[in-house]
file protein.pdb (PDB, C-alpha atoms and all ligand atoms)
ATOM      1  CA  MET A   1     -10.169 131.534  34.820
ATOM      2  CA  THR A   2     -11.762 134.497  36.602
ATOM      3  CA  GLU A   3     -13.535 137.061  34.456
ATOM      4  CA  SER A   4     -11.298 139.889  35.594
ATOM      5  CA  ARG A   5      -8.291 138.547  33.724
ATOM      6  CA  SER A   6      -7.997 137.561  30.112
ATOM      7  CA  LYS A   7      -4.934 135.327  30.291
ATOM      8  CA  ALA A   8      -4.485 131.998  32.021
ATOM      9  CA  ARG A   9      -1.958 132.045  34.851
ATOM     10  CA  LEU A  10       0.737 129.386  34.868
ATOM     11  CA  VAL A  11       3.144 128.171  37.507
ATOM     12  CA  ILE A  12       5.891 126.066  35.928
ATOM     13  CA  LEU A  13       7.842 123.450  37.913
ATOM     14  CA  ILE A  14      11.316 122.424  36.761
ATOM     15  CA  SER A  15      14.256 120.391  38.055
ATOM     16  CA  GLY A  16      17.018 121.040  35.516
ATOM     17  CA  ARG A  17      17.732 122.344  32.037
ATOM     18  CA  GLY A  18      14.305 123.913  31.603
ATOM     19  CA  SER A  19      14.212 123.944  27.811
ATOM     20  CA  ASN A  20      10.474 123.190  27.762
ATOM     21  CA  MET A  21       9.840 126.013  30.245
ATOM     22  CA  ARG A  22      11.837 128.251  27.937
ATOM     23  CA  SER A  23       9.749 127.276  24.909
ATOM     24  CA  ILE A  24       6.593 128.177  26.869
ATOM     25  CA  VAL A  25       8.031 131.551  27.936
ATOM     26  CA  GLU A  26       9.093 132.293  24.346
ATOM     27  CA  ALA A  27       5.690 131.322  22.923
ATOM     28  CA  ALA A  28       4.020 133.596  25.487
ATOM     29  CA  ASN A  29       6.392 136.473  24.656
ATOM     30  CA  GLN A  30       5.702 136.017  20.954
ATOM     31  CA  GLY A  31       1.950 136.182  21.545
ATOM     32  CA  GLN A  32       1.353 132.570  20.500
ATOM     33  CA  LEU A  33       0.168 131.634  23.961
ATOM     34  CA  ASP A  34      -2.377 133.576  26.027
ATOM     35  CA  VAL A  35      -0.788 133.087  29.423
ATOM     36  CA  ASP A  36       0.928 134.956  32.209
ATOM     37  CA  ILE A  37       3.753 132.990  33.754
ATOM     38  CA  ALA A  38       3.386 133.790  37.428
ATOM     39  CA  ALA A  39       6.356 131.778  38.689
ATOM     40  CA  VAL A  40       8.951 129.146  37.920
ATOM     41  CA  ILE A  41       9.713 126.852  40.845
ATOM     42  CA  SER A  42      12.593 124.380  41.019
ATOM     43  CA  ASN A  43      13.175 121.648  43.581
ATOM     44  CA  ARG A  44      16.900 121.921  42.828
ATOM     45  CA  PRO A  45      18.912 125.072  43.579
ATOM     46  CA  ASP A  46      21.298 124.333  40.681
ATOM     47  CA  ALA A  47      18.629 123.978  37.966
ATOM     48  CA  ALA A  48      19.943 125.779  34.880
ATOM     49  CA  GLY A  49      16.441 126.911  33.974
ATOM     50  CA  LEU A  50      16.223 129.164  37.052
ATOM     51  CA  GLU A  51      18.691 131.657  35.643
ATOM     52  CA  TYR A  52      16.793 131.900  32.379
ATOM     53  CA  ALA A  53      13.535 132.509  34.265
ATOM     54  CA  GLN A  54      15.118 135.225  36.408
ATOM     55  CA  GLN A  55      16.564 136.951  33.375
ATOM     56  CA  ALA A  56      13.158 136.786  31.716
ATOM     57  CA  GLY A  57      11.763 138.718  34.689
ATOM     58  CA  ILE A  58       9.775 135.806  36.080
ATOM     59  CA  ASP A  59       9.456 135.111  39.794
ATOM     60  CA  ALA A  60      11.893 132.188  40.183
ATOM     61  CA  GLN A  61      11.887 130.219  43.418
ATOM     62  CA  VAL A  62      13.692 127.219  44.855
ATOM     63  CA  ILE A  63      11.921 124.774  47.140
ATOM     64  CA  ASP A  64      14.725 122.332  47.878
ATOM     65  CA  HIS A  65      13.261 118.876  48.469
ATOM     66  CA  LYS A  66      16.377 117.906  50.465
ATOM     67  CA  LEU A  67      15.356 120.318  53.211
ATOM     68  CA  TYR A  68      12.154 118.367  53.899
ATOM     69  CA  ASP A  69      12.014 115.135  55.853
ATOM     70  CA  SER A  70       9.221 113.563  53.829
ATOM     71  CA  ARG A  71       7.613 113.640  50.417
ATOM     72  CA  GLU A  72       4.392 114.754  52.119
ATOM     73  CA  SER A  73       5.969 117.791  53.815
ATOM     74  CA  PHE A  74       7.788 118.820  50.624
ATOM     75  CA  ASP A  75       4.614 118.556  48.549
ATOM     76  CA  ALA A  76       2.613 120.477  51.166
ATOM     77  CA  ALA A  77       5.179 123.293  51.137
ATOM     78  CA  MET A  78       5.147 123.374  47.364
ATOM     79  CA  ALA A  79       1.344 123.402  47.203
ATOM     80  CA  GLU A  80       1.238 126.378  49.578
ATOM     81  CA  VAL A  81       3.657 128.397  47.445
ATOM     82  CA  ILE A  82       1.901 127.422  44.205
ATOM     83  CA  ASP A  83      -1.501 128.328  45.681
ATOM     84  CA  SER A  84      -0.217 131.790  46.567
ATOM     85  CA  TYR A  85       0.022 132.465  42.803
ATOM     86  CA  GLN A  86      -3.552 131.238  42.147
ATOM     87  CA  PRO A  87      -2.616 129.496  38.899
ATOM     88  CA  ASP A  88      -5.089 128.190  36.343
ATOM     89  CA  PHE A  89      -2.562 125.520  35.380
ATOM     90  CA  VAL A  90       0.487 124.006  37.040
ATOM     91  CA  ILE A  91       2.933 122.919  34.365
ATOM     92  CA  LEU A  92       5.486 120.174  35.040
ATOM     93  CA  ALA A  93       8.401 120.752  32.674
ATOM     94  CA  GLY A  94      11.136 118.260  33.423
ATOM     95  CA  PHE A  95      10.125 118.177  37.095
ATOM     96  CA  MET A  96      11.786 115.026  38.350
ATOM     97  CA  ARG A  97       9.968 114.271  41.616
ATOM     98  CA  ILE A  98       7.190 111.787  42.126
ATOM     99  CA  LEU A  99       4.211 113.701  43.539
ATOM    100  CA  THR A 100       1.981 112.504  46.375
ATOM    101  CA  ALA A 101      -1.640 111.600  45.703
ATOM    102  CA  ASP A 102      -2.707 114.517  47.943
ATOM    103  CA  PHE A 103      -0.764 117.007  45.806
ATOM    104  CA  VAL A 104      -2.142 115.556  42.572
ATOM    105  CA  GLU A 105      -5.677 115.627  43.944
ATOM    106  CA  HIS A 106      -5.297 119.227  45.149
ATOM    107  CA  PHE A 107      -4.426 120.356  41.605
ATOM    108  CA  ALA A 108      -6.658 117.863  39.780
ATOM    109  CA  GLY A 109      -7.605 119.064  36.301
ATOM    110  CA  ARG A 110      -4.972 121.825  36.448
ATOM    111  CA  LEU A 111      -1.787 119.738  36.658
ATOM    112  CA  ILE A 112      -0.113 119.060  33.307
ATOM    113  CA  ASN A 113       3.024 117.116  32.352
ATOM    114  CA  ILE A 114       5.078 116.423  29.244
ATOM    115  CA  HIS A 115       6.409 112.896  28.852
ATOM    116  CA  PRO A 116       8.871 111.827  26.152
ATOM    117  CA  SER A 117       6.941 108.914  24.664
ATOM    118  CA  LEU A 118       3.741 108.183  22.819
ATOM    119  CA  LEU A 119       1.710 107.307  25.912
ATOM    120  CA  PRO A 120       0.465 104.804  26.923
ATOM    121  CA  LYS A 121       3.724 103.355  25.590
ATOM    122  CA  PHE A 122       6.912 103.694  27.660
ATOM    123  CA  LYS A 123       5.823 105.209  30.945
ATOM    124  CA  GLY A 124       8.670 105.978  33.342
ATOM    125  CA  LEU A 125      12.341 106.598  32.574
ATOM    126  CA  HIS A 126      14.733 105.869  29.650
ATOM    127  CA  THR A 127      11.927 106.094  27.108
ATOM    128  CA  HIS A 128      14.161 106.695  24.070
ATOM    129  CA  GLN A 129      16.414 103.709  24.736
ATOM    130  CA  ARG A 130      13.404 101.494  25.393
ATOM    131  CA  ALA A 131      11.685 102.618  22.174
ATOM    132  CA  ILE A 132      14.815 101.728  20.162
ATOM    133  CA  GLU A 133      15.241  98.383  21.918
ATOM    134  CA  SER A 134      11.663  97.376  21.260
ATOM    135  CA  GLY A 135      12.002  98.115  17.534
ATOM    136  CA  GLU A 136       9.531 101.011  17.345
ATOM    137  CA  THR A 137       9.410 102.846  14.018
ATOM    138  CA  GLU A 138       7.684 105.843  15.621
ATOM    139  CA  HIS A 139       8.287 107.598  18.915
ATOM    140  CA  GLY A 140       7.381 111.008  20.293
ATOM    141  CA  ALA A 141       6.060 113.000  23.215
ATOM    142  CA  SER A 142       2.756 113.419  25.031
ATOM    143  CA  VAL A 143       1.280 116.274  27.037
ATOM    144  CA  HIS A 144      -1.176 114.879  29.558
ATOM    145  CA  PHE A 145      -3.135 115.626  32.701
ATOM    146  CA  VAL A 146      -1.421 114.272  35.794
ATOM    147  CA  THR A 147      -3.279 111.702  37.848
ATOM    148  CA  ALA A 148      -2.102 109.707  40.864
ATOM    149  CA  GLU A 149      -0.783 106.910  38.616
ATOM    150  CA  LEU A 150       2.612 107.750  37.019
ATOM    151  CA  ASP A 151       2.399 108.983  33.370
ATOM    152  CA  ASP A 152      -1.161 107.728  33.150
ATOM    153  CA  GLY A 153      -3.574 110.678  32.900
ATOM    154  CA  PRO A 154      -5.638 111.698  29.848
ATOM    155  CA  VAL A 155      -3.545 112.811  26.860
ATOM    156  CA  ILE A 156      -4.086 116.388  25.615
ATOM    157  CA  LEU A 157      -1.797 116.336  22.542
ATOM    158  CA  GLN A 158       0.969 114.164  21.101
ATOM    159  CA  ALA A 159       3.772 114.701  18.586
ATOM    160  CA  LYS A 160       5.360 111.863  16.601
ATOM    161  CA  VAL A 161       8.832 111.479  15.141
ATOM    162  CA  PRO A 162      10.317 108.613  13.117
ATOM    163  CA  VAL A 163      12.867 106.284  14.717
ATOM    164  CA  LEU A 164      15.789 106.029  12.264
ATOM    165  CA  ASP A 165      17.943 102.927  11.757
ATOM    166  CA  ASP A 166      21.094 104.580  13.075
ATOM    167  CA  ASP A 167      19.449 106.304  16.061
ATOM    168  CA  ASP A 168      20.842 105.995  19.546
ATOM    169  CA  ALA A 169      19.018 107.287  22.625
ATOM    170  CA  ASP A 170      20.668 110.714  22.285
ATOM    171  CA  THR A 171      19.839 111.339  18.621
ATOM    172  CA  LEU A 172      16.291 110.152  19.166
ATOM    173  CA  ALA A 173      15.923 112.280  22.319
ATOM    174  CA  ALA A 174      17.101 115.365  20.398
ATOM    175  CA  ARG A 175      14.537 114.737  17.633
ATOM    176  CA  VAL A 176      11.775 114.305  20.218
ATOM    177  CA  LEU A 177      12.847 117.377  22.231
ATOM    178  CA  GLU A 178      12.591 119.580  19.161
ATOM    179  CA  GLN A 179       8.946 118.497  18.871
ATOM    180  CA  GLU A 180       8.355 118.911  22.620
ATOM    181  CA  HIS A 181       9.192 122.583  22.282
ATOM    182  CA  LEU A 182       6.343 123.021  19.790
ATOM    183  CA  LEU A 183       3.995 120.569  21.468
ATOM    184  CA  TYR A 184       3.923 121.971  25.004
ATOM    185  CA  PRO A 185       2.913 125.545  24.049
ATOM    186  CA  ALA A 186       0.336 124.145  21.585
ATOM    187  CA  ALA A 187      -1.199 121.865  24.228
ATOM    188  CA  ILE A 188      -1.363 124.675  26.796
ATOM    189  CA  GLN A 189      -2.990 127.004  24.265
ATOM    190  CA  LYS A 190      -5.545 124.271  23.529
ATOM    191  CA  LEU A 191      -6.440 124.165  27.248
ATOM    192  CA  VAL A 192      -6.569 127.950  27.496
ATOM    193  CA  LEU A 193      -8.968 128.162  24.545
ATOM    194  CA  GLN A 194     -11.149 125.399  25.999
ATOM    195  CA  GLN A 195     -11.255 127.245  29.290
ATOM    196  CA  THR A 196     -12.459 130.485  27.729
ATOM    197  CA  GLU A 197     -15.105 128.836  25.504
TER
HETATM  198  C1  LIG B   1      11.958 116.445  28.622
HETATM  199  O1  LIG B   1      12.414 115.447  27.750
HETATM  200  C2  LIG B   1      10.591 116.104  29.125
HETATM  201  O2  LIG B   1       9.812 115.395  28.217
HETATM  202  C3  LIG B   1      10.887 115.226  30.315
HETATM  203  O3  LIG B   1      12.058 115.759  30.885
HETATM  204  C4  LIG B   1      12.789 116.484  29.896
HETATM  205  C5  LIG B   1      12.952 117.875  30.443
HETATM  206  O4  LIG B   1      13.774 118.677  29.639
HETATM  207  N1  LIG B   1       9.746 115.188  31.196
HETATM  208  P1  LIG B   1      13.855 120.245  29.920
HETATM  209  O5  LIG B   1      14.267 120.431  31.376
HETATM  210  O6  LIG B   1      12.504 120.837  29.643
HETATM  211  O7  LIG B   1      14.909 120.756  28.989
END

call {"tool": "encode", "arguments": {"input": "protein.pdb", "output": "structure tokens", "more": "lines below"}}
Ligand code: GRF
result
Amino acid sequence: MTESRSKARLVILISGRGSNMRSIVEAANQGQLDVDIAAVISNRPDAAGLEYAQQAGIDAQVIDHKLYDSRESFDAAMAEVIDSYQPDFVILAGFMRILTADFVEHFAGRLINIHPSLLPKFKGLHTHQRAIESGETEHGASVHFVTAELDDGPVILQAKVPVLDDDDADTLAARVLEQEHLLYPAAIQKLVLQQTE
């Protein structure tokens, strides 16, 4: 963070619903999080979260991955737009595109993701179903630094929930999501405080 500004600048990337992005915006508005949200960027024009961001007065942009002929060209375009905001952290909040190693390296140490499992367990998709099928009694979510390997970077904070006998993937996902909405702002604030130490 530069000395001339007291708050960390975030750019948040989404692909859909955007409920985690919303929890971050709300925590910032309530003064629980010392950040300025410079922009919300979606790779999908129909992402529901875009409307919320616009209404919250945040710069909301679409960079449609379908308009690019390669992952590399899409990531390069995204990196250029993100760089224009000079963010301290780039926050993946339900951003459903695999990122190239070049992109990850460019934002190394500043690129953060939330994953719905207790990493290193259940990397990848369908985490809730897989946790139930493997007989876990606890499940949860992890906020972690993004590295080139999928869902593999150092964990910043985790939240746990019980897995109940009558859970299906949806009931378990809802219990985890409720915790995600507390976890992501808390993990970002932890990074912000570390940065200003
Ligand atoms: C969350 O479950 C998050 O952990 C995962 O994708 C989902 C995004 O939900 N990475 P939302 O778009 O934030 O509502």

call {"tool": "resolve_selection", "arguments": {"input": "protein.pdb", "expression": "the PyMOL selection byres (((chain A and resi 112) around 9) and not hetatm)", "output": "list in words"}}
result
Phe89, Val90, Ile91, Leu92, Ala93, Gly109, Arg110, Leu111, Asn113, Ile114, Val143, His144, Phe145, Val146 and Ile188 of chain A

call {"tool": "resolve_selection", "arguments": {"input": "protein.pdb", "expression": "the PyMOL selection byres (((not hetatm)) within 7 of (chain B and resi 1))", "output": "ChimeraX atom specification"}}
result
/A:14-21,93-95,114-116,141,177,180

call {"tool": "residues_around", "arguments": {"input": "protein.pdb", "residues": "Leu182 in chain A", "least_positions_apart": "6", "cutoff": "10 Å", "atoms": "all atoms listed in the file", "output": "compact mmCIF listing (two decimals) with C-alpha atoms, in the coordinates of the input"}}
result
# COMPACT_ATOMS: atom_id res chain seq x y z
CA ASN A 20 10.47 123.19 27.76
CA SER A 23 9.75 127.28 24.91
CA ILE A 24 6.59 128.18 26.87
CA ALA A 27 5.69 131.32 22.92
CA ALA A 159 3.77 114.70 18.59

call {"tool": "residues_around", "arguments": {"input": "protein.pdb", "residues": "range 127-140 of chain A", "least_positions_apart": "2", "cutoff": "8 Å", "atoms": "all atoms listed in the file", "output": "ChimeraX atom specification"}}
result
/A:116-118,122-125,142,158-164,167-170,172-173,176,179

call {"tool": "atom_distance", "arguments": {"input": "protein.pdb", "atom1": "CA of Ala53 in chain A", "atom2": "CA of Pro154 in chain A"}}
result
28.6 Å

call {"tool": "resolve_selection", "arguments": {"input": "protein.pdb", "expression": "the PyMOL selection byres (((chain A and resi 103) around 12) and not hetatm)", "output": "PyMOL selection string"}}
result
chain A and resi 71-80+82-83+90+97-102+104-111+146-148

call {"tool": "atom_distance", "arguments": {"input": "protein.pdb", "atom1": "CA of Glu26 in chain A", "atom2": "CA of Tyr52 in chain A"}}
result
11.1 Å

call {"tool": "closest_residue", "arguments": {"input": "protein.pdb", "among": "A:Met96, A:Leu191, A:Lys66, A:Arg22", "to": "Glu51 in chain A", "atoms": "all atoms listed in the file"}}
result
A:Arg22

call {"tool": "closest_residue", "arguments": {"input": "protein.pdb", "among": "A:Asp88, A:Glu149, A:Asp36, A:Glu178", "to": "Ile58 in chain A", "atoms": "all atoms listed in the file"}}
result
A:Asp36

call {"tool": "atom_distance", "arguments": {"input": "protein.pdb", "atom1": "CA of Tyr68 in chain A", "atom2": "CA of Gly49 in chain A"}}
result
22.1 Å

call {"tool": "closest_residue", "arguments": {"input": "protein.pdb", "among": "A:Leu67, A:Val40, A:Ser84, A:Leu33", "to": "Gln54 in chain A", "atoms": "all atoms listed in the file"}}
result
A:Val40

call {"tool": "closest_residue", "arguments": {"input": "protein.pdb", "among": "A:Asp46, A:Leu119, A:Ile37, A:His181", "to": "Asp152 in chain A", "atoms": "all atoms listed in the file"}}
result
A:Leu119

call {"tool": "residues_around", "arguments": {"input": "protein.pdb", "residues": "Gln189 in chain A", "least_positions_apart": "2", "cutoff": "9 Å", "atoms": "only C-alpha atoms", "output": "list in words"}}
result
Gln32, Leu33, Asp34, Val35, Tyr184, Pro185, Ala186, Ala187, Leu191, Val192, Leu193 and Gln194 of chain A

call {"tool": "closest_residue", "arguments": {"input": "protein.pdb", "among": "A:Asp59, A:Arg44, A:Pro87, A:Pro120", "to": "Lys7 in chain A", "atoms": "all atoms listed in the file"}}
result
A:Pro87

call {"tool": "decode", "arguments": {"input": "protein.pdb", "residues": "range 77-153 of chain A", "atoms": "C-alpha atoms", "output": "mmCIF file, in the first residue's frame"}}
result
data_model
loop_
_atom_site.group_PDB
_atom_site.id
_atom_site.type_symbol
_atom_site.label_atom_id
_atom_site.label_comp_id
_atom_site.auth_asym_id
_atom_site.auth_seq_id
_atom_site.Cartn_x
_atom_site.Cartn_y
_atom_site.Cartn_z
ATOM 1 C CA ALA A 77 -6.796 -8.138 -21.385
ATOM 2 C CA MET A 78 -8.026 -8.673 -17.857
ATOM 3 C CA ALA A 79 -4.602 -7.970 -16.350
ATOM 4 C CA GLU A 80 -4.409 -4.677 -18.253
ATOM 5 C CA VAL A 81 -7.791 -3.517 -16.950
ATOM 6 C CA ILE A 82 -7.023 -4.670 -13.399
ATOM 7 C CA ASP A 83 -3.631 -2.922 -13.478
ATOM 8 C CA SER A 84 -5.312 0.341 -14.449
ATOM 9 C CA TYR A 85 -6.924 0.333 -10.972
ATOM 10 C CA GLN A 86 -3.584 -0.304 -9.200
ATOM 11 C CA PRO A 87 -5.108 -2.698 -6.668
ATOM 12 C CA ASP A 88 -3.382 -3.928 -3.527
ATOM 13 C CA PHE A 89 -5.399 -7.139 -3.772
ATOM 14 C CA VAL A 90 -7.298 -8.896 -6.538
ATOM 15 C CA ILE A 91 -10.167 -10.840 -5.019
ATOM 16 C CA LEU A 92 -11.652 -13.861 -6.803
ATOM 17 C CA ALA A 93 -15.232 -14.227 -5.590
ATOM 18 C CA GLY A 94 -16.918 -17.023 -7.485
ATOM 19 C CA PHE A 95 -14.766 -16.314 -10.548
ATOM 20 C CA MET A 96 -15.149 -19.468 -12.590
ATOM 21 C CA ARG A 97 -12.236 -19.327 -15.047
ATOM 22 C CA ILE A 98 -8.952 -21.138 -14.753
ATOM 23 C CA LEU A 99 -6.200 -18.501 -14.834
ATOM 24 C CA THR A 100 -2.949 -18.784 -16.784
ATOM 25 C CA ALA A 101 0.354 -19.102 -14.951
ATOM 26 C CA ASP A 102 1.397 -15.710 -16.391
ATOM 27 C CA PHE A 103 -1.658 -14.007 -14.873
ATOM 28 C CA VAL A 104 -1.126 -15.691 -11.504
ATOM 29 C CA GLU A 105 2.547 -14.744 -11.514
ATOM 30 C CA HIS A 106 1.767 -11.128 -12.447
ATOM 31 C CA PHE A 107 -0.457 -10.777 -9.360
ATOM 32 C CA ALA A 108 1.561 -13.081 -7.091
ATOM 33 C CA GLY A 109 1.008 -12.313 -3.411
ATOM 34 C CA ARG A 110 -1.991 -10.100 -4.238
ATOM 35 C CA LEU A 111 -4.358 -12.675 -5.756
ATOM 36 C CA ILE A 112 -6.837 -14.191 -3.297
ATOM 37 C CA ASN A 113 -9.577 -16.811 -3.700
ATOM 38 C CA ILE A 114 -12.320 -18.372 -1.605
ATOM 39 C CA HIS A 115 -12.856 -22.100 -2.031
ATOM 40 C CA PRO A 116 -15.753 -24.033 -0.493
ATOM 41 C CA SER A 117 -13.804 -26.744 1.317
ATOM 42 C CA LEU A 118 -11.312 -27.165 4.108
ATOM 43 C CA LEU A 119 -8.233 -27.131 1.877
ATOM 44 C CA PRO A 120 -6.184 -29.161 1.155
ATOM 45 C CA LYS A 121 -9.274 -31.385 1.103
ATOM 46 C CA PHE A 122 -11.591 -31.305 -1.928
ATOM 47 C CA LYS A 123 -9.862 -29.097 -4.459
ATOM 48 C CA GLY A 124 -11.858 -28.483 -7.633
ATOM 49 C CA LEU A 125 -15.617 -28.686 -8.172
ATOM 50 C CA HIS A 126 -18.601 -30.313 -6.371
ATOM 51 C CA THR A 127 -16.919 -29.995 -2.986
ATOM 52 C CA HIS A 128 -20.102 -30.324 -0.903
ATOM 53 C CA GLN A 129 -21.259 -33.524 -2.593
ATOM 54 C CA ARG A 130 -17.776 -35.007 -2.330
ATOM 55 C CA ALA A 131 -17.519 -34.130 1.377
ATOM 56 C CA ILE A 132 -20.843 -35.901 2.053
ATOM 57 C CA GLU A 133 -19.885 -38.932 -0.033
ATOM 58 C CA SER A 134 -16.593 -39.355 1.765
ATOM 59 C CA GLY A 135 -18.298 -39.313 5.175
ATOM 60 C CA GLU A 136 -16.763 -36.082 6.491
ATOM 61 C CA THR A 137 -18.169 -34.828 9.793
ATOM 62 C CA GLU A 138 -16.752 -31.343 9.187
ATOM 63 C CA HIS A 139 -16.624 -29.212 6.066
ATOM 64 C CA GLY A 140 -16.127 -25.514 5.413
ATOM 65 C CA ALA A 141 -14.414 -22.860 3.345
ATOM 66 C CA SER A 142 -10.888 -21.546 2.872
ATOM 67 C CA VAL A 143 -9.534 -18.178 1.789
ATOM 68 C CA HIS A 144 -6.134 -18.662 0.194
ATOM 69 C CA PHE A 145 -3.478 -17.061 -1.964
ATOM 70 C CA VAL A 146 -3.720 -18.181 -5.573
ATOM 71 C CA THR A 147 -0.751 -19.991 -7.052
ATOM 72 C CA ALA A 148 -0.378 -21.646 -10.455
ATOM 73 C CA GLU A 149 -1.682 -24.969 -9.085
ATOM 74 C CA LEU A 150 -5.509 -25.044 -8.735
ATOM 75 C CA ASP A 151 -6.798 -24.409 -5.155
ATOM 76 C CA ASP A 152 -3.320 -25.005 -3.794
ATOM 77 C CA GLY A 153 -1.872 -21.742 -2.437
#
